[in-house]
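Asks: I'm passing along run.cif; it holds mmCIF, C-alpha atoms.
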data_structure
#
loop_
_atom_site.group_PDB
_atom_site.id
_atom_site.type_symbol
_atom_site.label_atom_id
_atom_site.label_comp_id
_atom_site.auth_asym_id
_atom_site.auth_seq_id
_atom_site.Cartn_x
_atom_site.Cartn_y
_atom_site.Cartn_z
ATOM 1 C CA MET A 835 0.000 0.000 0.000
ATOM 2 C CA VAL A 836 1.275 3.465 -0.895
ATOM 3 C CA PRO A 837 1.456 6.070 1.916
ATOM 4 C CA PHE A 838 -0.610 8.501 -0.161
ATOM 5 C CA LYS A 839 -2.058 8.623 -3.658
ATOM 6 C CA VAL A 840 -1.011 10.862 -6.534
ATOM 7 C CA ASP A 841 -2.688 10.777 -9.933
ATOM 8 C CA LEU A 842 -0.318 9.171 -12.434
ATOM 9 C CA GLY A 843 -3.054 7.944 -14.758
ATOM 10 C CA ASN A 844 -1.565 9.746 -17.761
ATOM 11 C CA GLU A 845 1.979 8.505 -17.190
ATOM 12 C CA VAL A 846 3.769 5.720 -19.045
ATOM 13 C CA ILE A 847 6.799 4.840 -16.937
ATOM 14 C CA ALA A 848 9.840 2.779 -17.898
ATOM 15 C CA ILE A 849 11.711 1.364 -14.902
ATOM 16 C CA THR A 850 15.107 -0.294 -15.290
ATOM 17 C CA GLY A 851 16.341 -2.816 -12.754
ATOM 18 C CA ALA A 852 12.672 -3.498 -12.055
ATOM 19 C CA GLY A 853 13.204 -7.185 -11.406
ATOM 20 C CA GLY A 854 14.965 -6.352 -8.137
ATOM 21 C CA VAL A 855 13.529 -5.742 -4.683
ATOM 22 C CA LEU A 856 13.567 -1.942 -4.587
ATOM 23 C CA MET A 857 12.637 -1.189 -8.198
ATOM 24 C CA SER A 858 9.860 -3.788 -8.289
ATOM 25 C CA ALA A 859 8.379 -2.069 -5.233
ATOM 26 C CA PHE A 860 8.652 1.246 -7.083
ATOM 27 C CA ALA A 861 6.860 -0.262 -10.070
ATOM 28 C CA LYS A 862 4.025 -1.567 -7.906
ATOM 29 C CA ALA A 863 3.604 1.765 -6.101
ATOM 30 C CA LEU A 864 3.503 3.731 -9.344
ATOM 31 C CA ALA A 865 1.024 1.283 -10.860
ATOM 32 C CA GLU A 866 -1.132 1.612 -7.757
ATOM 33 C CA CYS A 867 -1.295 5.326 -8.519
ATOM 34 C CA GLY A 868 -2.571 4.618 -12.033
ATOM 35 C CA ALA A 869 0.607 4.646 -14.107
ATOM 36 C CA SER A 870 1.204 2.224 -16.963
ATOM 37 C CA VAL A 871 4.544 0.607 -16.181
ATOM 38 C CA GLY A 872 7.190 -0.979 -18.390
ATOM 39 C CA ILE A 873 9.245 -3.501 -16.404
ATOM 40 C CA ILE A 874 12.832 -3.572 -17.675
ATOM 41 C CA ASP A 875 15.466 -5.942 -16.322
ATOM 42 C CA ARG A 876 18.037 -8.275 -17.868
ATOM 43 C CA ASN A 877 16.383 -11.138 -15.978
ATOM 44 C CA ALA A 878 13.418 -11.946 -18.223
ATOM 45 C CA GLU A 879 11.840 -14.260 -15.651
ATOM 46 C CA ALA A 880 11.935 -11.561 -12.969
ATOM 47 C CA CYS A 881 10.459 -9.045 -15.430
ATOM 48 C CA ALA A 882 7.548 -11.309 -16.226
ATOM 49 C CA LYS A 883 6.891 -12.078 -12.560
ATOM 50 C CA VAL A 884 6.710 -8.413 -11.530
ATOM 51 C CA ALA A 885 4.483 -7.509 -14.476
ATOM 52 C CA GLU A 886 2.160 -10.413 -13.702
ATOM 53 C CA GLU A 887 1.878 -9.375 -10.054
ATOM 54 C CA ILE A 888 0.995 -5.810 -11.010
ATOM 55 C CA ASN A 889 -1.601 -6.894 -13.554
ATOM 56 C CA ALA A 890 -3.102 -9.409 -11.120
ATOM 57 C CA ALA A 891 -3.533 -6.584 -8.606
ATOM 58 C CA GLY A 892 -5.478 -4.513 -11.133
ATOM 59 C CA GLY A 893 -2.602 -2.394 -12.388
ATOM 60 C CA LYS A 894 -1.147 -1.987 -15.878
ATOM 61 C CA ALA A 895 2.303 -3.382 -16.615
ATOM 62 C CA VAL A 896 4.216 -5.008 -19.423
ATOM 63 C CA SER A 897 7.371 -7.103 -19.250
ATOM 64 C CA ALA A 898 10.156 -5.634 -21.427
ATOM 65 C CA PRO A 899 13.373 -7.530 -20.627
ATOM 66 C CA ALA A 900 16.598 -5.889 -21.768
ATOM 67 C CA ASP A 901 20.283 -5.609 -21.002
ATOM 68 C CA CYS A 902 20.593 -1.907 -20.241
ATOM 69 C CA LEU A 903 24.224 -1.960 -21.391
ATOM 70 C CA SER A 904 22.937 -2.627 -24.921
ATOM 71 C CA LYS A 905 21.323 0.305 -26.679
ATOM 72 C CA ALA A 906 19.732 -2.090 -29.182
ATOM 73 C CA ASP A 907 18.162 -4.027 -26.305
ATOM 74 C CA ILE A 908 16.840 -0.825 -24.756
ATOM 75 C CA GLU A 909 15.310 0.189 -28.074
ATOM 76 C CA LYS A 910 13.533 -3.174 -28.252
ATOM 77 C CA ALA A 911 12.175 -2.680 -24.723
ATOM 78 C CA LYS A 912 10.988 0.781 -25.696
ATOM 79 C CA GLY A 913 9.098 -0.739 -28.605
ATOM 80 C CA VAL A 914 7.398 -3.278 -26.341
ATOM 81 C CA ILE A 915 6.276 -0.560 -23.926
ATOM 82 C CA GLU A 916 5.076 1.748 -26.695
ATOM 83 C CA LYS A 917 3.060 -1.035 -28.294
ATOM 84 C CA ALA A 918 1.312 -1.682 -24.987
ATOM 85 C CA PHE A 919 0.838 1.836 -23.652
ATOM 86 C CA GLY A 920 2.170 4.526 -26.015
ATOM 87 C CA LYS A 921 5.117 6.897 -25.618
ATOM 88 C CA VAL A 922 7.081 6.770 -22.362
ATOM 89 C CA THR A 923 6.657 9.956 -20.306
ATOM 90 C CA MET A 924 8.799 9.042 -17.298
ATOM 91 C CA LEU A 925 12.022 7.073 -16.836
ATOM 92 C CA ILE A 926 13.410 5.628 -13.623
ATOM 93 C CA ASN A 927 17.050 4.605 -13.996
ATOM 94 C CA GLY A 928 17.177 1.924 -11.333
ATOM 95 C CA ALA A 929 19.683 -0.465 -12.903
ATOM 96 C CA GLY A 930 22.909 -0.583 -10.905
ATOM 97 C CA GLY A 931 24.952 -2.515 -8.405
ATOM 98 C CA ASN A 932 28.415 -3.488 -7.236
ATOM 99 C CA SER A 933 30.816 -6.354 -7.916
ATOM 100 C CA PRO A 934 32.904 -8.395 -5.461
ATOM 101 C CA LYS A 935 35.759 -8.043 -7.951
ATOM 102 C CA CYS A 936 36.204 -4.435 -6.827
ATOM 103 C CA THR A 937 35.546 -4.813 -3.115
ATOM 104 C CA THR A 938 38.539 -4.863 -0.758
ATOM 105 C CA ASP A 939 38.777 -7.151 2.262
ATOM 106 C CA ASN A 940 40.351 -4.422 4.399
ATOM 107 C CA GLU A 941 38.929 -0.999 5.222
ATOM 108 C CA THR A 942 42.309 0.773 5.171
ATOM 109 C CA ALA A 943 45.811 0.047 3.899
ATOM 110 C CA ALA A 944 46.977 -0.208 7.501
ATOM 111 C CA GLU A 945 44.821 -3.309 7.925
ATOM 112 C CA ALA A 946 46.516 -5.246 5.138
ATOM 113 C CA VAL A 947 46.701 -8.950 5.898
ATOM 114 C CA GLU A 948 48.558 -11.525 3.850
ATOM 115 C CA GLY A 949 46.159 -13.245 1.474
ATOM 116 C CA ALA A 950 43.452 -10.582 1.843
ATOM 117 C CA LYS A 951 42.297 -8.643 -1.219
ATOM 118 C CA SER A 952 43.754 -5.152 -1.068
ATOM 119 C CA PHE A 953 43.200 -2.093 -3.231
ATOM 120 C CA PHE A 954 46.148 -3.208 -5.371
ATOM 121 C CA ASP A 955 44.404 -6.499 -6.132
ATOM 122 C CA LEU A 956 41.170 -5.001 -7.428
ATOM 123 C CA ASP A 957 40.144 -6.087 -10.904
ATOM 124 C CA GLU A 958 40.209 -3.551 -13.736
ATOM 125 C CA ALA A 959 37.349 -5.292 -15.527
ATOM 126 C CA GLY A 960 35.337 -5.188 -12.299
ATOM 127 C CA PHE A 961 35.747 -1.417 -12.067
ATOM 128 C CA LYS A 962 34.666 -0.961 -15.670
ATOM 129 C CA PHE A 963 31.646 -3.215 -15.099
ATOM 130 C CA VAL A 964 30.483 -1.255 -12.042
ATOM 131 C CA PHE A 965 30.927 2.109 -13.766
ATOM 132 C CA ASP A 966 29.047 0.857 -16.810
ATOM 133 C CA LEU A 967 26.298 -0.760 -14.743
ATOM 134 C CA ASN A 968 25.580 2.417 -12.789
ATOM 135 C CA ILE A 969 26.483 5.300 -15.110
ATOM 136 C CA LEU A 970 26.466 4.015 -18.676
ATOM 137 C CA THR A 971 23.070 2.335 -18.246
ATOM 138 C CA ALA A 972 21.604 5.661 -17.121
ATOM 139 C CA VAL A 973 23.167 7.437 -20.087
ATOM 140 C CA LEU A 974 21.978 4.898 -22.662
ATOM 141 C CA CYS A 975 18.451 4.624 -21.254
ATOM 142 C CA THR A 976 18.146 8.402 -21.098
ATOM 143 C CA GLN A 977 19.286 8.675 -24.721
ATOM 144 C CA VAL A 978 16.644 6.169 -25.790
ATOM 145 C CA PHE A 979 13.687 7.340 -23.717
ATOM 146 C CA ALA A 980 14.259 11.089 -23.322
ATOM 147 C CA LYS A 981 14.155 11.802 -27.063
ATOM 148 C CA ASP A 982 10.367 11.470 -27.150
ATOM 149 C CA MET A 983 10.102 13.515 -23.953
ATOM 150 C CA ALA A 984 12.164 16.310 -25.506
ATOM 151 C CA ASP A 985 10.015 16.244 -28.639
ATOM 152 C CA ALA A 986 6.873 16.438 -26.485
ATOM 153 C CA GLY A 987 8.272 19.245 -24.321
ATOM 154 C CA LYS A 988 7.547 17.357 -21.112
ATOM 155 C CA GLY A 989 9.058 14.493 -19.150
ATOM 156 C CA ASN A 990 10.452 13.239 -15.879
ATOM 157 C CA ILE A 991 13.603 11.251 -15.121
ATOM 158 C CA ILE A 992 14.467 9.858 -11.686
ATOM 159 C CA ASN A 993 17.916 8.376 -11.137
ATOM 160 C CA ILE A 994 18.979 6.193 -8.230
ATOM 161 C CA SER A 995 22.115 7.433 -6.503
ATOM 162 C CA SER A 996 23.313 6.401 -3.025
ATOM 163 C CA MET A 997 24.696 7.601 0.279
ATOM 164 C CA ASN A 998 28.025 6.463 -1.167
ATOM 165 C CA ALA A 999 27.863 9.486 -3.457
ATOM 166 C CA TYR A 1000 27.869 11.813 -0.440
ATOM 167 C CA ARG A 1001 30.371 9.975 1.733
ATOM 168 C CA PRO A 1002 32.385 7.173 0.110
ATOM 169 C CA LEU A 1003 32.337 3.972 2.098
ATOM 170 C CA THR A 1004 35.357 1.837 2.823
ATOM 171 C CA LYS A 1005 35.847 -1.391 0.828
ATOM 172 C CA ILE A 1006 33.727 -0.384 -2.204
ATOM 173 C CA PRO A 1007 35.613 2.293 -4.189
ATOM 174 C CA ALA A 1008 34.085 1.473 -7.576
ATOM 175 C CA TYR A 1009 30.481 1.621 -6.361
ATOM 176 C CA SER A 1010 31.069 4.823 -4.375
ATOM 177 C CA SER A 1011 32.723 6.500 -7.353
ATOM 178 C CA ALA A 1012 30.033 5.328 -9.746
ATOM 179 C CA LYS A 1013 27.188 6.617 -7.587
ATOM 180 C CA ALA A 1014 28.951 9.982 -7.240
ATOM 181 C CA GLY A 1015 28.920 9.995 -11.024
ATOM 182 C CA VAL A 1016 25.181 9.294 -11.065
ATOM 183 C CA SER A 1017 24.558 12.321 -8.824
ATOM 184 C CA ASN A 1018 26.708 14.538 -11.023
ATOM 185 C CA LEU A 1019 25.043 13.199 -14.179
ATOM 186 C CA THR A 1020 21.652 13.976 -12.645
ATOM 187 C CA GLN A 1021 22.585 17.636 -12.228
ATOM 188 C CA TRP A 1022 24.059 17.824 -15.723
ATOM 189 C CA LEU A 1023 20.968 16.308 -17.323
ATOM 190 C CA ALA A 1024 18.683 18.597 -15.319
ATOM 191 C CA VAL A 1025 20.376 21.683 -16.719
ATOM 192 C CA HIS A 1026 20.627 20.260 -20.223
ATOM 193 C CA PHE A 1027 16.963 19.276 -20.481
ATOM 194 C CA ALA A 1028 15.270 22.042 -18.478
ATOM 195 C CA SER A 1029 14.465 24.023 -21.618
ATOM 196 C CA LYS A 1030 12.747 20.919 -23.021
ATOM 197 C CA GLY A 1031 10.405 20.586 -20.047
ATOM 198 C CA ILE A 1032 12.144 17.493 -18.646
ATOM 199 C CA ARG A 1033 12.799 17.343 -14.924
ATOM 200 C CA VAL A 1034 15.729 15.212 -13.736
ATOM 201 C CA ASN A 1035 16.235 14.330 -10.078
ATOM 202 C CA ALA A 1036 17.698 11.484 -8.055
ATOM 203 C CA MET A 1037 17.072 9.616 -4.851
ATOM 204 C CA ALA A 1038 19.966 8.621 -2.606
ATOM 205 C CA PRO A 1039 18.924 5.720 -0.382
ATOM 206 C CA GLY A 1040 20.806 5.200 2.850
ATOM 207 C CA PHE A 1041 21.447 1.718 4.137
ATOM 208 C CA PHE A 1042 19.066 -1.051 3.161
ATOM 209 C CA SER A 1043 19.781 -4.712 3.765
ATOM 210 C CA THR A 1044 19.453 -6.491 0.400
ATOM 211 C CA LYS A 1045 20.754 -9.614 -1.292
ATOM 212 C CA GLN A 1046 23.493 -7.548 -2.908
ATOM 213 C CA ASN A 1047 25.085 -6.395 0.338
ATOM 214 C CA ALA A 1048 24.115 -9.260 2.648
ATOM 215 C CA GLN A 1049 27.654 -10.639 2.925
ATOM 216 C CA LEU A 1050 28.965 -7.242 4.046
ATOM 217 C CA LEU A 1051 26.234 -6.753 6.638
ATOM 218 C CA TRP A 1052 25.539 -10.187 8.137
ATOM 219 C CA ASN A 1053 27.642 -13.095 9.306
ATOM 220 C CA ALA A 1054 26.806 -16.628 8.164
ATOM 221 C CA ASP A 1055 24.963 -17.239 11.424
ATOM 222 C CA GLY A 1056 22.749 -14.170 10.911
ATOM 223 C CA THR A 1057 24.477 -11.930 13.446
ATOM 224 C CA PRO A 1058 25.460 -8.395 12.415
ATOM 225 C CA THR A 1059 28.980 -7.827 11.134
ATOM 226 C CA ALA A 1060 31.265 -5.143 12.534
ATOM 227 C CA ARG A 1061 30.361 -3.087 9.468
ATOM 228 C CA THR A 1062 26.666 -3.243 10.316
ATOM 229 C CA LYS A 1063 27.389 -2.069 13.840
ATOM 230 C CA LYS A 1064 29.331 0.907 12.444
ATOM 231 C CA ILE A 1065 26.554 1.785 9.997
ATOM 232 C CA LEU A 1066 23.829 1.738 12.622
ATOM 233 C CA ALA A 1067 26.009 3.670 15.065
ATOM 234 C CA HIS A 1068 26.281 6.433 12.445
ATOM 235 C CA THR A 1069 22.606 6.379 11.482
ATOM 236 C CA PRO A 1070 20.746 8.587 13.991
ATOM 237 C CA MET A 1071 17.507 6.654 13.496
ATOM 238 C CA GLY A 1072 19.384 3.488 14.454
ATOM 239 C CA ARG A 1073 18.030 1.088 11.843
ATOM 240 C CA PHE A 1074 18.294 0.016 8.229
ATOM 241 C CA GLY A 1075 15.814 1.473 5.792
ATOM 242 C CA GLU A 1076 12.777 -0.452 4.628
ATOM 243 C CA THR A 1077 11.555 -0.405 1.034
ATOM 244 C CA GLU A 1078 8.432 1.493 2.123
ATOM 245 C CA ASP A 1079 10.633 4.339 3.376
ATOM 246 C CA LEU A 1080 11.445 5.273 -0.237
ATOM 247 C CA ILE A 1081 7.948 5.323 -1.687
ATOM 248 C CA GLY A 1082 6.839 8.731 -0.406
ATOM 249 C CA THR A 1083 9.858 10.473 -1.933
ATOM 250 C CA LEU A 1084 9.332 8.560 -5.177
ATOM 251 C CA LEU A 1085 5.704 9.670 -5.469
ATOM 252 C CA TRP A 1086 6.601 13.272 -4.670
ATOM 253 C CA LEU A 1087 9.225 13.368 -7.432
ATOM 254 C CA ALA A 1088 6.922 11.529 -9.857
ATOM 255 C CA ASP A 1089 4.031 13.979 -9.462
ATOM 256 C CA ASP A 1090 4.353 17.179 -11.494
ATOM 257 C CA LYS A 1091 1.798 18.910 -9.285
ATOM 258 C CA ALA A 1092 3.833 18.205 -6.161
ATOM 259 C CA SER A 1093 7.374 18.783 -7.488
ATOM 260 C CA GLY A 1094 6.902 20.572 -10.797
ATOM 261 C CA PHE A 1095 9.533 23.228 -9.995
ATOM 262 C CA VAL A 1096 12.045 20.709 -8.644
ATOM 263 C CA THR A 1097 14.913 19.608 -10.851
ATOM 264 C CA GLY A 1098 18.601 18.826 -10.409
ATOM 265 C CA ILE A 1099 18.432 17.622 -6.802
ATOM 266 C CA VAL A 1100 19.515 14.420 -5.064
ATOM 267 C CA VAL A 1101 17.239 13.554 -2.152
ATOM 268 C CA PRO A 1102 18.788 11.573 0.740
ATOM 269 C CA VAL A 1103 16.518 8.969 2.321
ATOM 270 C CA ASP A 1104 18.988 7.832 4.931
ATOM 271 C CA GLY A 1105 17.727 7.997 8.507
ATOM 272 C CA GLY A 1106 20.011 10.965 9.171
ATOM 273 C CA PHE A 1107 23.294 9.303 8.123
ATOM 274 C CA SER A 1108 24.385 12.232 5.933
ATOM 275 C CA ALA A 1109 23.728 14.719 8.758
ATOM 276 C CA TYR A 1110 25.783 12.957 11.432
ATOM 277 C CA SER A 1111 29.466 13.800 11.844
ATOM 278 C CA GLY A 1112 30.183 10.882 14.140
ATOM 279 C CA VAL A 1113 30.527 12.970 17.310
#
Translate this file's structure into structure tokens.
Replies:
Amino acid sequence: MVPFKVDLGNEVIAITGAGGVLMSAFAKALAECGASVGIIDRNAEACAKVAEEINAAGGKAVSAPADCLSKADIEKAKGVIEKAFGKVTMLINGAGGNSPKCTTDNETAAEAVEGAKSFFDLDEAGFKFVFDLNILTAVLCTQVFAKDMADAGKGNIINISSMNAYRPLTKIPAYSSAKAGVSNLTQWLAVHFASKGIRVNAMAPGFFSTKQNAQLLWNADGTPTARTKKILAHTPMGRFGETEDLIGTLLWLADDKASGFVTGIVVPVDGGFSAYSGV
């Protein structure tokens, strides 16, 4: 259930990464508010499942699987969505993630242990993959979907950044750098497209426990890792975020009546993490 309703009945929304936990929840919330939703993910089975769940609940969704690192794939997904619902009016660039190939075992160089993966051991291909997965996907999808928005003189793009963009976390240099790039790209696109009536903003989630980061946050026996204890100690609200915590901000940014003069911002949804200095 959404925390409040906005009228998105005239919106056709393409959501990338929509087979995952957070973006599938976004898709369901937007559909609940009347939007027609195109579910884009490289996992075709996950795409179909999310679309089926939305349609079964009375919403409107179509499965449009695509690898968002392939412009040709994105174009095909665009065609599927247009055939079902017409031109896309809103894009949510939710595709992204990290790779263990560019995650260090130690937080600082002083903690180097023989056999542990240090900064000097990080994989070049892993870095390129993470940058492409977070930044290049947003660029390619925006190129494909924003053209019609520019021609229509109206549109809305929401990118997904991270707390890592504000304050880089130890162990994950590629992901932190990539998300900083997403925030910067958001501002650039907002300026570039403002004259075409396209708003571009981003959300920066704080710490959410997901499948992607489970190994960093939880021990095999389910107890919190030292990293989890540090995160919660620096989050004034003292907990991880829940998916529902993001929906209100999403609906605000999605609704032109609520945020029609808002563009070029990155909204933290972080339980106070970005405000706390540690003392």
Asks: If you take all atoms listed in the file and a cut-off of 8 Å, which residues of region 864-950 of chain A touch region 995-1019 of chain A, and what are their nearest atom pairs and distances in Å to one decimal, in chain and number order, as CSV?
Replies:
residue,atom,partner,partner_atom,distance
A:Gly931,CA,A:Tyr1009,CA,7.2
A:Asn932,CA,A:Tyr1009,CA,5.6
A:Cys936,CA,A:Ala1008,CA,6.3
A:Thr937,CA,A:Ile1006,CA,4.9
A:Thr938,CA,A:Lys1005,CA,4.7
A:Asp939,CA,A:Lys1005,CA,6.6
A:Asn940,CA,A:Lys1005,CA,6.5
A:Glu941,CA,A:Thr1004,CA,5.2
A:Thr942,CA,A:Thr1004,CA,7.4
Asks: Restricted to C-alpha atoms, what would the selected residues look like written as a PDB file, keeping the file's coordinate frame?
Replies:
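File written: part27.pdb
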ATOM      1  CA  GLY A 931      24.952  -2.515  -8.405  1.00  0.00           C
ATOM      2  CA  ASN A 932      28.415  -3.488  -7.236  1.00  0.00           C
ATOM      3  CA  CYS A 936      36.204  -4.435  -6.827  1.00  0.00           C
ATOM      4  CA  THR A 937      35.546  -4.813  -3.115  1.00  0.00           C
ATOM      5  CA  THR A 938      38.539  -4.863  -0.758  1.00  0.00           C
ATOM      6  CA  ASP A 939      38.777  -7.151   2.262  1.00  0.00           C
ATOM      7  CA  ASN A 940      40.351  -4.422   4.399  1.00  0.00           C
ATOM      8  CA  GLU A 941      38.929  -0.999   5.222  1.00  0.00           C
ATOM      9  CA  THR A 942      42.309   0.773   5.171  1.00  0.00           C
TER      10      THR A 942
END
Asks: Mind listing whatever residues come within 7 Å of the point (20.6, 2.7, 3.6)? Use only C-alpha atoms, file coordinates, and give them as a PyMOL selection string.
Replies: chain A and resi 1039-1042+1074-1075+1104
Asks: Suppose you want the space between CA of Thr923 (chain A) and CA of Asn968 (chain A); what is it in Å?
Replies: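 Separation of CA of Thr923 (chain A) and CA of Asn968 (chain A): 21.7 Å.
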Asks: Calculate how many Å separate CA of Trp1022 (chain A) from CA of Thr1097 (chain A), rounding to one decimal.
Replies: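 Atom-to-atom, CA of Trp1022 (chain A) to CA of Thr1097 (chain A), that is 10.5 Å.
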Asks: Which distance in Å separates CA of Val1096 (chain A) and CA of Leu842 (chain A), to one decimal?
Replies: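 These two atoms are separated by 17.3 Å.
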Asks: Run the PyMOL selection byres ((chain A and resi 1060-1065) around 10) on the file and write out the hits as number ranges by chain.
Replies: A: 941, 1004, 1040-1041, 1043, 1050-1053, 1057-1059, 1066-1070, 1072-1074, 1107
Asks: Given the choices A:Val947, A:Ile874, A:Val1100, A:Ala929, which gets closest to Lys912 (chain A) if the distance is worked out from all atoms listed in the file?
Replies: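 The answer is A:Ile874, which sits nearest to Lys912 (chain A).
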Asks: Kindly compute an axis-aligned box around the listed atoms of region 992-999 of chain A, allowing 3 Å on each side, and express its centre and edge lengths in Å to one decimal as lines of an AutoDock Vina configuration file.
Replies:
center_x = 21.2
center_y = 8.0
center_z = -5.7
size_x = 19.6
size_y = 9.7
size_z = 18.0
Asks: Would you kindly return, as a ChimeraX atom specification, each protein, DNA or RNA residue with an atom no farther than 9 Å from any atom of Val855 (chain A), considering only C-alpha atoms and excluding same-chain residues fewer than 4 positions away?
Replies: /A:859-860,1044-1045,1077
Asks: Take region 1089-1105 of chain A, bring it up to N, CA, C and O atoms, and give me the output as a PDB file, in the coordinates of the input.
Replies:
ATOM      1  N   ASP A1089       5.240  13.185  -9.257  1.00  0.00           N
ATOM      2  CA  ASP A1089       4.031  13.979  -9.462  1.00  0.00           C
ATOM      3  C   ASP A1089       4.382  15.420  -9.836  1.00  0.00           C
ATOM      4  O   ASP A1089       4.935  16.162  -9.031  1.00  0.00           O
ATOM      5  N   ASP A1090       4.050  15.823 -11.042  1.00  0.00           N
ATOM      6  CA  ASP A1090       4.353  17.179 -11.494  1.00  0.00           C
ATOM      7  C   ASP A1090       3.655  18.252 -10.657  1.00  0.00           C
ATOM      8  O   ASP A1090       4.162  19.364 -10.509  1.00  0.00           O
ATOM      9  N   LYS A1091       2.494  17.923 -10.110  1.00  0.00           N
ATOM     10  CA  LYS A1091       1.798  18.910  -9.285  1.00  0.00           C
ATOM     11  C   LYS A1091       2.512  19.137  -7.961  1.00  0.00           C
ATOM     12  O   LYS A1091       2.479  20.232  -7.399  1.00  0.00           O
ATOM     13  N   ALA A1092       3.155  18.101  -7.455  1.00  0.00           N
ATOM     14  CA  ALA A1092       3.833  18.205  -6.161  1.00  0.00           C
ATOM     15  C   ALA A1092       5.246  18.760  -6.285  1.00  0.00           C
ATOM     16  O   ALA A1092       5.716  19.483  -5.407  1.00  0.00           O
ATOM     17  N   SER A1093       5.952  18.409  -7.374  1.00  0.00           N
ATOM     18  CA  SER A1093       7.374  18.783  -7.488  1.00  0.00           C
ATOM     19  C   SER A1093       7.698  19.373  -8.857  1.00  0.00           C
ATOM     20  O   SER A1093       8.808  19.210  -9.363  1.00  0.00           O
ATOM     21  N   GLY A1094       6.742  20.063  -9.443  1.00  0.00           N
ATOM     22  CA  GLY A1094       6.902  20.572 -10.797  1.00  0.00           C
ATOM     23  C   GLY A1094       8.002  21.588 -10.980  1.00  0.00           C
ATOM     24  O   GLY A1094       8.467  21.812 -12.101  1.00  0.00           O
ATOM     25  N   PHE A1095       8.447  22.229  -9.901  1.00  0.00           N
ATOM     26  CA  PHE A1095       9.533  23.228  -9.995  1.00  0.00           C
ATOM     27  C   PHE A1095      10.816  22.674  -9.381  1.00  0.00           C
ATOM     28  O   PHE A1095      11.733  23.407  -9.051  1.00  0.00           O
ATOM     29  N   VAL A1096      10.876  21.364  -9.244  1.00  0.00           N
ATOM     30  CA  VAL A1096      12.045  20.709  -8.644  1.00  0.00           C
ATOM     31  C   VAL A1096      12.819  19.961  -9.719  1.00  0.00           C
ATOM     32  O   VAL A1096      12.278  19.050 -10.357  1.00  0.00           O
ATOM     33  N   THR A1097      14.052  20.340  -9.928  1.00  0.00           N
ATOM     34  CA  THR A1097      14.913  19.608 -10.851  1.00  0.00           C
ATOM     35  C   THR A1097      16.361  19.789 -10.439  1.00  0.00           C
ATOM     36  O   THR A1097      16.734  20.811  -9.865  1.00  0.00           O
ATOM     37  N   GLY A1098      17.169  18.753 -10.699  1.00  0.00           N
ATOM     38  CA  GLY A1098      18.601  18.826 -10.409  1.00  0.00           C
ATOM     39  C   GLY A1098      18.987  18.534  -8.976  1.00  0.00           C
ATOM     40  O   GLY A1098      20.112  18.838  -8.560  1.00  0.00           O
ATOM     41  N   ILE A1099      18.093  17.909  -8.193  1.00  0.00           N
ATOM     42  CA  ILE A1099      18.432  17.622  -6.802  1.00  0.00           C
ATOM     43  C   ILE A1099      18.621  16.123  -6.585  1.00  0.00           C
ATOM     44  O   ILE A1099      18.140  15.304  -7.351  1.00  0.00           O
ATOM     45  N   VAL A1100      19.338  15.802  -5.506  1.00  0.00           N
ATOM     46  CA  VAL A1100      19.515  14.420  -5.064  1.00  0.00           C
ATOM     47  C   VAL A1100      18.977  14.349  -3.646  1.00  0.00           C
ATOM     48  O   VAL A1100      19.490  15.029  -2.749  1.00  0.00           O
ATOM     49  N   VAL A1101      17.925  13.581  -3.444  1.00  0.00           N
ATOM     50  CA  VAL A1101      17.239  13.554  -2.152  1.00  0.00           C
ATOM     51  C   VAL A1101      17.742  12.380  -1.299  1.00  0.00           C
ATOM     52  O   VAL A1101      17.549  11.220  -1.660  1.00  0.00           O
ATOM     53  N   PRO A1102      18.383  12.665  -0.155  1.00  0.00           N
ATOM     54  CA  PRO A1102      18.788  11.573   0.740  1.00  0.00           C
ATOM     55  C   PRO A1102      17.582  10.988   1.462  1.00  0.00           C
ATOM     56  O   PRO A1102      16.727  11.726   1.945  1.00  0.00           O
ATOM     57  N   VAL A1103      17.527   9.667   1.506  1.00  0.00           N
ATOM     58  CA  VAL A1103      16.518   8.969   2.321  1.00  0.00           C
ATOM     59  C   VAL A1103      17.328   8.015   3.166  1.00  0.00           C
ATOM     60  O   VAL A1103      17.502   6.838   2.824  1.00  0.00           O
ATOM     61  N   ASP A1104      17.844   8.507   4.287  1.00  0.00           N
ATOM     62  CA  ASP A1104      18.988   7.832   4.931  1.00  0.00           C
ATOM     63  C   ASP A1104      18.937   7.743   6.444  1.00  0.00           C
ATOM     64  O   ASP A1104      19.935   7.382   7.072  1.00  0.00           O
ATOM     65  N   GLY A1105      17.810   8.083   7.053  1.00  0.00           N
ATOM     66  CA  GLY A1105      17.727   7.997   8.507  1.00  0.00           C
ATOM     67  C   GLY A1105      18.664   8.931   9.237  1.00  0.00           C
ATOM     68  O   GLY A1105      18.966   8.728  10.423  1.00  0.00           O
TER      69      GLY A1105
END
